[in-house]
Amino acid sequence: MAAASCINVVVMVVAAAAMAVTAAEGKSYNITKILAAHPEFSKFNEMLSKTRLAYDINRRQTITVLAVDNSAMASLEHFTLPTIRHILSLHILVDYYGSKKLHSLSHGATASSSMFQATGSAPGTTGYVNITSHKGGKIDFISEDADDTAKPSRFVKSVKEIPYDISVLQVSSVLSSSEAEAPVPPPAPVNLTELLSKKYCKSFAGLLAANTDVFRAVNETKDNGLTLFCPIDAAVAAFMPSYKNLTFKAKTAILLYHAVPDYFSLQLLKSNNGMVTTLATVSEAKKDYSYDVQNKGETVTLDTRVVNSAVTATVGDNEPLAVYAVNKFLKPKELYKVVEAPAPAPEPSKKHKAADDSGDDSSDDSGDAKPHKGDAAPAALLAARWVAGVAAALAGLMLLP
């Protein structure tokens with residue numbers, strides 16, 4: 001009887017720990033890739049990217065996206081991009097609603113907060129979406145502030161569900177909301193040269209102002225989404241001997257290389273790794289001109305494969321424009337020789353390894369094993385070891401009288 005109890009305890013503990021391993025590994029999704037598999041949502045997908053809502057969706061753990069097809073998106077054509085962002089943010093519910101949950105709503109109705117509400121853009125409760133389940137399985141969505149003449153948007157089908165992370169549902173029409181559809185005032189004008197000259201980047205501001213093509217490209221982009229990485233004055237001074245020897249075309253490219261045609265808050269830079277394209281990518285059709293944004297703790301670095309530059313300060317951050325100071329001038333691989341990573345040290349021969357293995361057991365370095373699947377690996381490894389240890393210990397109890 002005692003043995004049976006021990007077995008039950010072992011099973012329960014191992015099962016709980018296994019769940020911890022799964023949680024440690026984590027899940028991820030990419031709304032752009034999900035919708036790319038469905039051409040009927042191409043316009044909706046495009047607007048999620050243009051309004052930068054795709055980034056906001058991907059960094060959330062639990063979300064429901066109410067997608068509309070290309071024909072329904074035609075109703076948004078006369079709105080400006082900032083207003084479209086408000087309208088589409090109403091279609092992003094900050095809770096998980098799969099098809100099964102929709103058809104089993106308590107009391108047949110509920111209200112869900114949207115990203116329009118969560119970001120503070122909607123006053124009062126205007127950013128809430130009412131969900132109602134009707135007899136026959138019909139589900140309606142309507143915004144809290146829709147007027148009396150507005151027709152609800154009806155649930156059409158489930159497009160993709162990853163319980164309980166993301167649910168993508170098709171609805172029949174764009175949600176109507178007087179608050180979301182209100183005109184959004186344009187961003188306050190920003191004098192980029194003045195902004196850069198006030199903090200850390202006076203020398204880089206001078207380089208931008210001296211190149212008419214670059215200055216125009218950067219200023220034309222900043223109101224629609226721009227992240228500019230400006231080398232600090234000391235970094236510009238160190239790079240100037242090399243810069244002076246570049247052709248005018250190369251100087252233009254390397255300056256544009258510091259500008260990413262999208263807005264990235266510091267929080268987003270710290271929570272996402274990956275390659276970014278630049279204004280130089282746009283100007284040079286046959287060249288890449290991208291680099292890898294990496295983060296470790298609170299440090300954000302830009303790896304161009306020629307130089308690794310770190311973000312040292314925020315010069316200005318007011319969506320849609322973000323400017324960050326970096327400690328090195330960014331050198332693209334298209335203009336400079338790639339710095340190859342040092343080759344790993346050769347592994348000891350089998351003979352020497354065997355001799356090492358026969359040595360003192362106290363030198364065990366198994367704890368230095370390198371993870372292979374990102375930051376979640378150490379947590380998963382520790383959880384797996386804990387499972388094995390606890391299971392062995394509890395199983396040993398079964399041998400006791």
# chains A, B, ... in the order shown; residues from 1 in each chain; ligands from 1

call {"tool": "select_by_dssp", "arguments": {"residues": "segment 245-338 of chain A", "states": "strand (DSSP E or B)", "output": "PyMOL selection string"}}
result
chain A and resi 259-260+274-276+291-296+299-303+308-318+321-326

call {"tool": "atom_distance", "arguments": {"atom1": "atom CA of Asp69 of chain A", "atom2": "atom CA of Ser42 of chain A"}}
result
7.7 Å

call {"tool": "closest_residue", "arguments": {"among": "A:Asp262, A:Glu298, A:Asp56, A:Glu181", "to": "Thr221 of chain A", "atoms": "only C-alpha atoms"}}
result
A:Asp262

call {"tool": "residues_around", "arguments": {"residues": "Gly316 of chain A", "least_positions_apart": "4", "cutoff": "9 Å", "atoms": "only C-alpha atoms", "output": "ChimeraX atom specification"}}
result
/A:195-196,321-324

call {"tool": "atom_distance", "arguments": {"atom1": "atom CA of Pro231 of chain A", "atom2": "atom CA of Cys201 of chain A"}}
result
6.4 Å

call {"tool": "closest_residue", "arguments": {"among": "A:Ile139, A:Leu279, A:Ala37, A:Ile31", "to": "Ile92 of chain A", "atoms": "only C-alpha atoms"}}
result
A:Ile31

call {"tool": "atom_distance", "arguments": {"atom1": "atom CA of Val156 of chain A", "atom2": "atom CA of Gln117 of chain A"}}
result
24.1 Å

call {"tool": "closest_atom_pairs", "arguments": {"of": "segment 13-126 of chain A", "to": "segment 150-153 of chain A", "cutoff": "12 Å", "atoms": "only C-alpha atoms", "output": "JSON lines"}}
result
{"residue": "A:Leu66", "atom": "CA", "partner": "A:Ser153", "partner_atom": "CA", "distance": 9.7}
{"residue": "A:Ala67", "atom": "CA", "partner": "A:Ser153", "partner_atom": "CA", "distance": 10.8}
{"residue": "A:Val68", "atom": "CA", "partner": "A:Ser153", "partner_atom": "CA", "distance": 9.7}
{"residue": "A:Ala72", "atom": "CA", "partner": "A:Ser153", "partner_atom": "CA", "distance": 10.7}
{"residue": "A:His91", "atom": "CA", "partner": "A:Ser153", "partner_atom": "CA", "distance": 10.6}

call {"tool": "write_last_selection", "arguments": {"atoms": "C-alpha atoms", "output": "CSV table (one decimal), in the first residue's frame"}}
result
chain,number,residue,atom,x,y,z
A,66,LEU,CA,-10.2,39.4,-35.7
A,67,ALA,CA,-9.2,39.3,-39.4
A,68,VAL,CA,-11.2,40.6,-42.3
A,72,ALA,CA,-13.9,44.0,-46.3
A,91,HIS,CA,-9.6,43.9,-33.9

call {"tool": "residues_around", "arguments": {"residues": "Lys43 of chain A", "least_positions_apart": "5", "cutoff": "12 Å", "atoms": "only C-alpha atoms", "output": "number ranges by chain"}}
result
A: 32, 35-36, 38, 48-50, 67-77, 88

call {"tool": "write_last_selection", "arguments": {"atoms": "all heavy atoms", "output": "short mmCIF file (atom, residue, chain, number, x, y, z; two decimals), in the first residue's frame"}}
result
data_model
loop_
_atom_site.label_atom_id
_atom_site.label_comp_id
_atom_site.auth_asym_id
_atom_site.auth_seq_id
_atom_site.Cartn_x
_atom_site.Cartn_y
_atom_site.Cartn_z
N THR A 32 2.36 37.60 -39.09
CA THR A 32 2.60 37.83 -40.51
C THR A 32 2.69 36.51 -41.27
O THR A 32 2.10 36.36 -42.35
CB THR A 32 3.88 38.65 -40.71
OG1 THR A 32 3.79 39.86 -39.96
CG2 THR A 32 4.10 38.98 -42.18
N LEU A 35 -0.84 34.69 -41.44
CA LEU A 35 -1.74 35.25 -42.43
C LEU A 35 -1.22 35.10 -43.85
O LEU A 35 -2.01 35.07 -44.81
CB LEU A 35 -2.01 36.72 -42.13
CG LEU A 35 -2.81 37.00 -40.86
CD1 LEU A 35 -2.87 38.50 -40.58
CD2 LEU A 35 -4.23 36.45 -40.97
N ALA A 36 0.10 34.99 -44.01
CA ALA A 36 0.68 34.84 -45.35
C ALA A 36 0.20 33.56 -46.03
O ALA A 36 0.19 33.47 -47.26
CB ALA A 36 2.20 34.86 -45.26
N HIS A 38 -2.73 32.62 -46.13
CA HIS A 38 -4.13 32.84 -46.53
C HIS A 38 -4.21 34.12 -47.37
O HIS A 38 -4.37 35.22 -46.82
CB HIS A 38 -5.02 32.94 -45.30
CG HIS A 38 -4.94 31.76 -44.39
ND1 HIS A 38 -5.72 30.63 -44.55
CD2 HIS A 38 -4.14 31.52 -43.31
CE1 HIS A 38 -5.42 29.75 -43.61
NE2 HIS A 38 -4.46 30.26 -42.85
N LEU A 48 -1.33 45.38 -40.99
CA LEU A 48 -0.77 45.08 -39.67
C LEU A 48 0.71 45.43 -39.64
O LEU A 48 1.23 45.91 -38.63
CB LEU A 48 -0.96 43.60 -39.33
CG LEU A 48 -2.38 43.13 -38.99
CD1 LEU A 48 -2.35 41.66 -38.56
CD2 LEU A 48 -3.03 43.98 -37.92
N SER A 49 1.40 45.20 -40.75
CA SER A 49 2.83 45.54 -40.82
C SER A 49 3.03 47.04 -40.93
O SER A 49 3.87 47.62 -40.24
CB SER A 49 3.48 44.82 -42.01
OG SER A 49 3.46 43.43 -41.84
N LYS A 50 2.27 47.70 -41.81
CA LYS A 50 2.44 49.14 -42.01
C LYS A 50 2.12 49.94 -40.75
O LYS A 50 2.74 50.97 -40.50
CB LYS A 50 1.55 49.61 -43.17
CG LYS A 50 2.09 49.24 -44.55
CD LYS A 50 1.25 49.88 -45.64
CE LYS A 50 1.86 49.63 -47.01
NZ LYS A 50 1.07 50.26 -48.10
N ALA A 67 -9.61 38.96 -38.03
CA ALA A 67 -9.15 39.31 -39.37
C ALA A 67 -10.33 39.48 -40.33
O ALA A 67 -11.34 38.77 -40.23
CB ALA A 67 -8.20 38.24 -39.91
N VAL A 68 -10.18 40.42 -41.26
CA VAL A 68 -11.19 40.60 -42.31
C VAL A 68 -10.53 40.38 -43.66
O VAL A 68 -9.34 40.64 -43.83
CB VAL A 68 -11.86 41.99 -42.25
CG1 VAL A 68 -12.63 42.15 -40.95
CG2 VAL A 68 -10.82 43.10 -42.37
N ASP A 69 -11.31 39.89 -44.64
CA ASP A 69 -10.73 39.59 -45.94
C ASP A 69 -10.52 40.85 -46.76
O ASP A 69 -10.88 41.97 -46.35
CB ASP A 69 -11.57 38.55 -46.69
CG ASP A 69 -12.97 39.04 -47.01
OD1 ASP A 69 -13.20 40.28 -46.98
OD2 ASP A 69 -13.85 38.20 -47.29
N ASN A 70 -9.94 40.68 -47.95
CA ASN A 70 -9.56 41.82 -48.79
C ASN A 70 -10.75 42.69 -49.18
O ASN A 70 -10.63 43.92 -49.24
CB ASN A 70 -8.83 41.32 -50.04
CG ASN A 70 -7.50 40.67 -49.70
OD1 ASN A 70 -6.93 40.94 -48.65
ND2 ASN A 70 -7.01 39.81 -50.57
N SER A 71 -11.88 42.08 -49.46
CA SER A 71 -13.05 42.87 -49.86
C SER A 71 -13.54 43.75 -48.71
O SER A 71 -13.92 44.90 -48.92
CB SER A 71 -14.18 41.95 -50.34
OG SER A 71 -14.58 41.06 -49.30
N ALA A 72 -13.51 43.25 -47.49
CA ALA A 72 -13.95 44.03 -46.33
C ALA A 72 -12.97 45.16 -46.02
O ALA A 72 -13.37 46.21 -45.49
CB ALA A 72 -14.11 43.12 -45.11
N MET A 73 -11.68 44.96 -46.32
CA MET A 73 -10.68 46.00 -46.05
C MET A 73 -10.87 47.24 -46.90
O MET A 73 -10.33 48.31 -46.58
CB MET A 73 -9.28 45.43 -46.29
CG MET A 73 -8.77 44.51 -45.20
SD MET A 73 -8.48 45.36 -43.63
CE MET A 73 -7.06 46.38 -44.05
N ALA A 74 -11.65 47.14 -47.97
CA ALA A 74 -11.88 48.29 -48.85
C ALA A 74 -12.53 49.46 -48.09
O ALA A 74 -12.36 50.63 -48.46
CB ALA A 74 -12.75 47.88 -50.03
N SER A 75 -13.24 49.17 -47.01
CA SER A 75 -13.91 50.22 -46.25
C SER A 75 -12.93 51.14 -45.52
O SER A 75 -13.32 52.19 -45.00
CB SER A 75 -14.88 49.60 -45.24
OG SER A 75 -14.17 48.84 -44.26
N LEU A 76 -11.64 50.77 -45.46
CA LEU A 76 -10.64 51.57 -44.75
C LEU A 76 -9.81 52.46 -45.67
O LEU A 76 -8.96 53.22 -45.19
CB LEU A 76 -9.69 50.65 -43.97
CG LEU A 76 -10.30 49.78 -42.88
CD1 LEU A 76 -9.22 48.93 -42.22
CD2 LEU A 76 -11.02 50.62 -41.84
N GLU A 77 -10.07 52.40 -46.96
CA GLU A 77 -9.19 53.07 -47.92
C GLU A 77 -9.12 54.59 -47.75
O GLU A 77 -8.12 55.21 -48.08
CB GLU A 77 -9.64 52.73 -49.35
CG GLU A 77 -9.37 51.27 -49.72
CD GLU A 77 -9.86 50.92 -51.12
OE1 GLU A 77 -10.52 51.80 -51.74
OE2 GLU A 77 -9.61 49.79 -51.57
N LEU A 88 -7.78 49.01 -36.54
CA LEU A 88 -7.35 47.62 -36.52
C LEU A 88 -6.95 47.16 -35.11
O LEU A 88 -7.06 45.97 -34.80
CB LEU A 88 -6.18 47.40 -37.49
CG LEU A 88 -6.53 47.56 -38.98
CD1 LEU A 88 -5.33 47.17 -39.84
CD2 LEU A 88 -7.74 46.73 -39.37
#

call {"tool": "closest_residue", "arguments": {"among": "A:Lys135, A:Ala54, A:Leu207, A:Arg60", "to": "Ser271 of chain A", "atoms": "only C-alpha atoms"}}
result
A:Arg60

call {"tool": "select_by_dssp", "arguments": {"residues": "segment 31-131 of chain A", "states": "alpha helix (DSSP H)", "output": "PyMOL selection string"}}
result
chain A and resi 31-36+42-50+53-58+70-73+81-89+99-102+115-118

call {"tool": "residues_around", "arguments": {"residues": "Arg154 of chain A", "least_positions_apart": "6", "cutoff": "6 Å", "atoms": "only C-alpha atoms", "output": "list of chain:residue names"}}
result
A:Ile139, A:Asp140, A:Val171, A:Ser172

call {"tool": "closest_residue", "arguments": {"among": "A:Leu256, A:Ala237, A:Leu192, A:Ile57", "to": "Asp213 of chain A", "atoms": "only C-alpha atoms"}}
result
A:Leu256

call {"tool": "residues_around", "arguments": {"residues": "Thr125 of chain A", "least_positions_apart": "3", "cutoff": "9 Å", "atoms": "only C-alpha atoms", "output": "mmCIF file with N, CA and C atoms, in the first residue's frame"}}
result
data_model
loop_
_atom_site.group_PDB
_atom_site.id
_atom_site.type_symbol
_atom_site.label_atom_id
_atom_site.label_comp_id
_atom_site.auth_asym_id
_atom_site.auth_seq_id
_atom_site.Cartn_x
_atom_site.Cartn_y
_atom_site.Cartn_z
ATOM 1 N N SER A 113 -11.502 43.371 -23.681
ATOM 2 C CA SER A 113 -10.674 44.547 -23.930
ATOM 3 C C SER A 113 -9.850 44.322 -25.194
ATOM 4 N N GLN A 117 -7.954 49.618 -26.376
ATOM 5 C CA GLN A 117 -8.212 49.965 -24.981
ATOM 6 C C GLN A 117 -6.941 49.827 -24.142
ATOM 7 N N ALA A 122 -8.007 54.621 -26.198
ATOM 8 C CA ALA A 122 -9.468 54.742 -26.154
ATOM 9 C C ALA A 122 -9.914 55.265 -24.794
ATOM 10 N N TYR A 128 -13.590 48.506 -25.738
ATOM 11 C CA TYR A 128 -14.071 47.149 -25.475
ATOM 12 C C TYR A 128 -14.908 46.643 -26.650
ATOM 13 N N GLU A 144 -17.982 48.721 -28.253
ATOM 14 C CA GLU A 144 -18.779 49.309 -27.180
ATOM 15 C C GLU A 144 -19.405 50.636 -27.594
ATOM 16 N N ASP A 145 -18.701 51.403 -28.429
ATOM 17 C CA ASP A 145 -19.209 52.726 -28.793
ATOM 18 C C ASP A 145 -19.816 52.783 -30.186
#
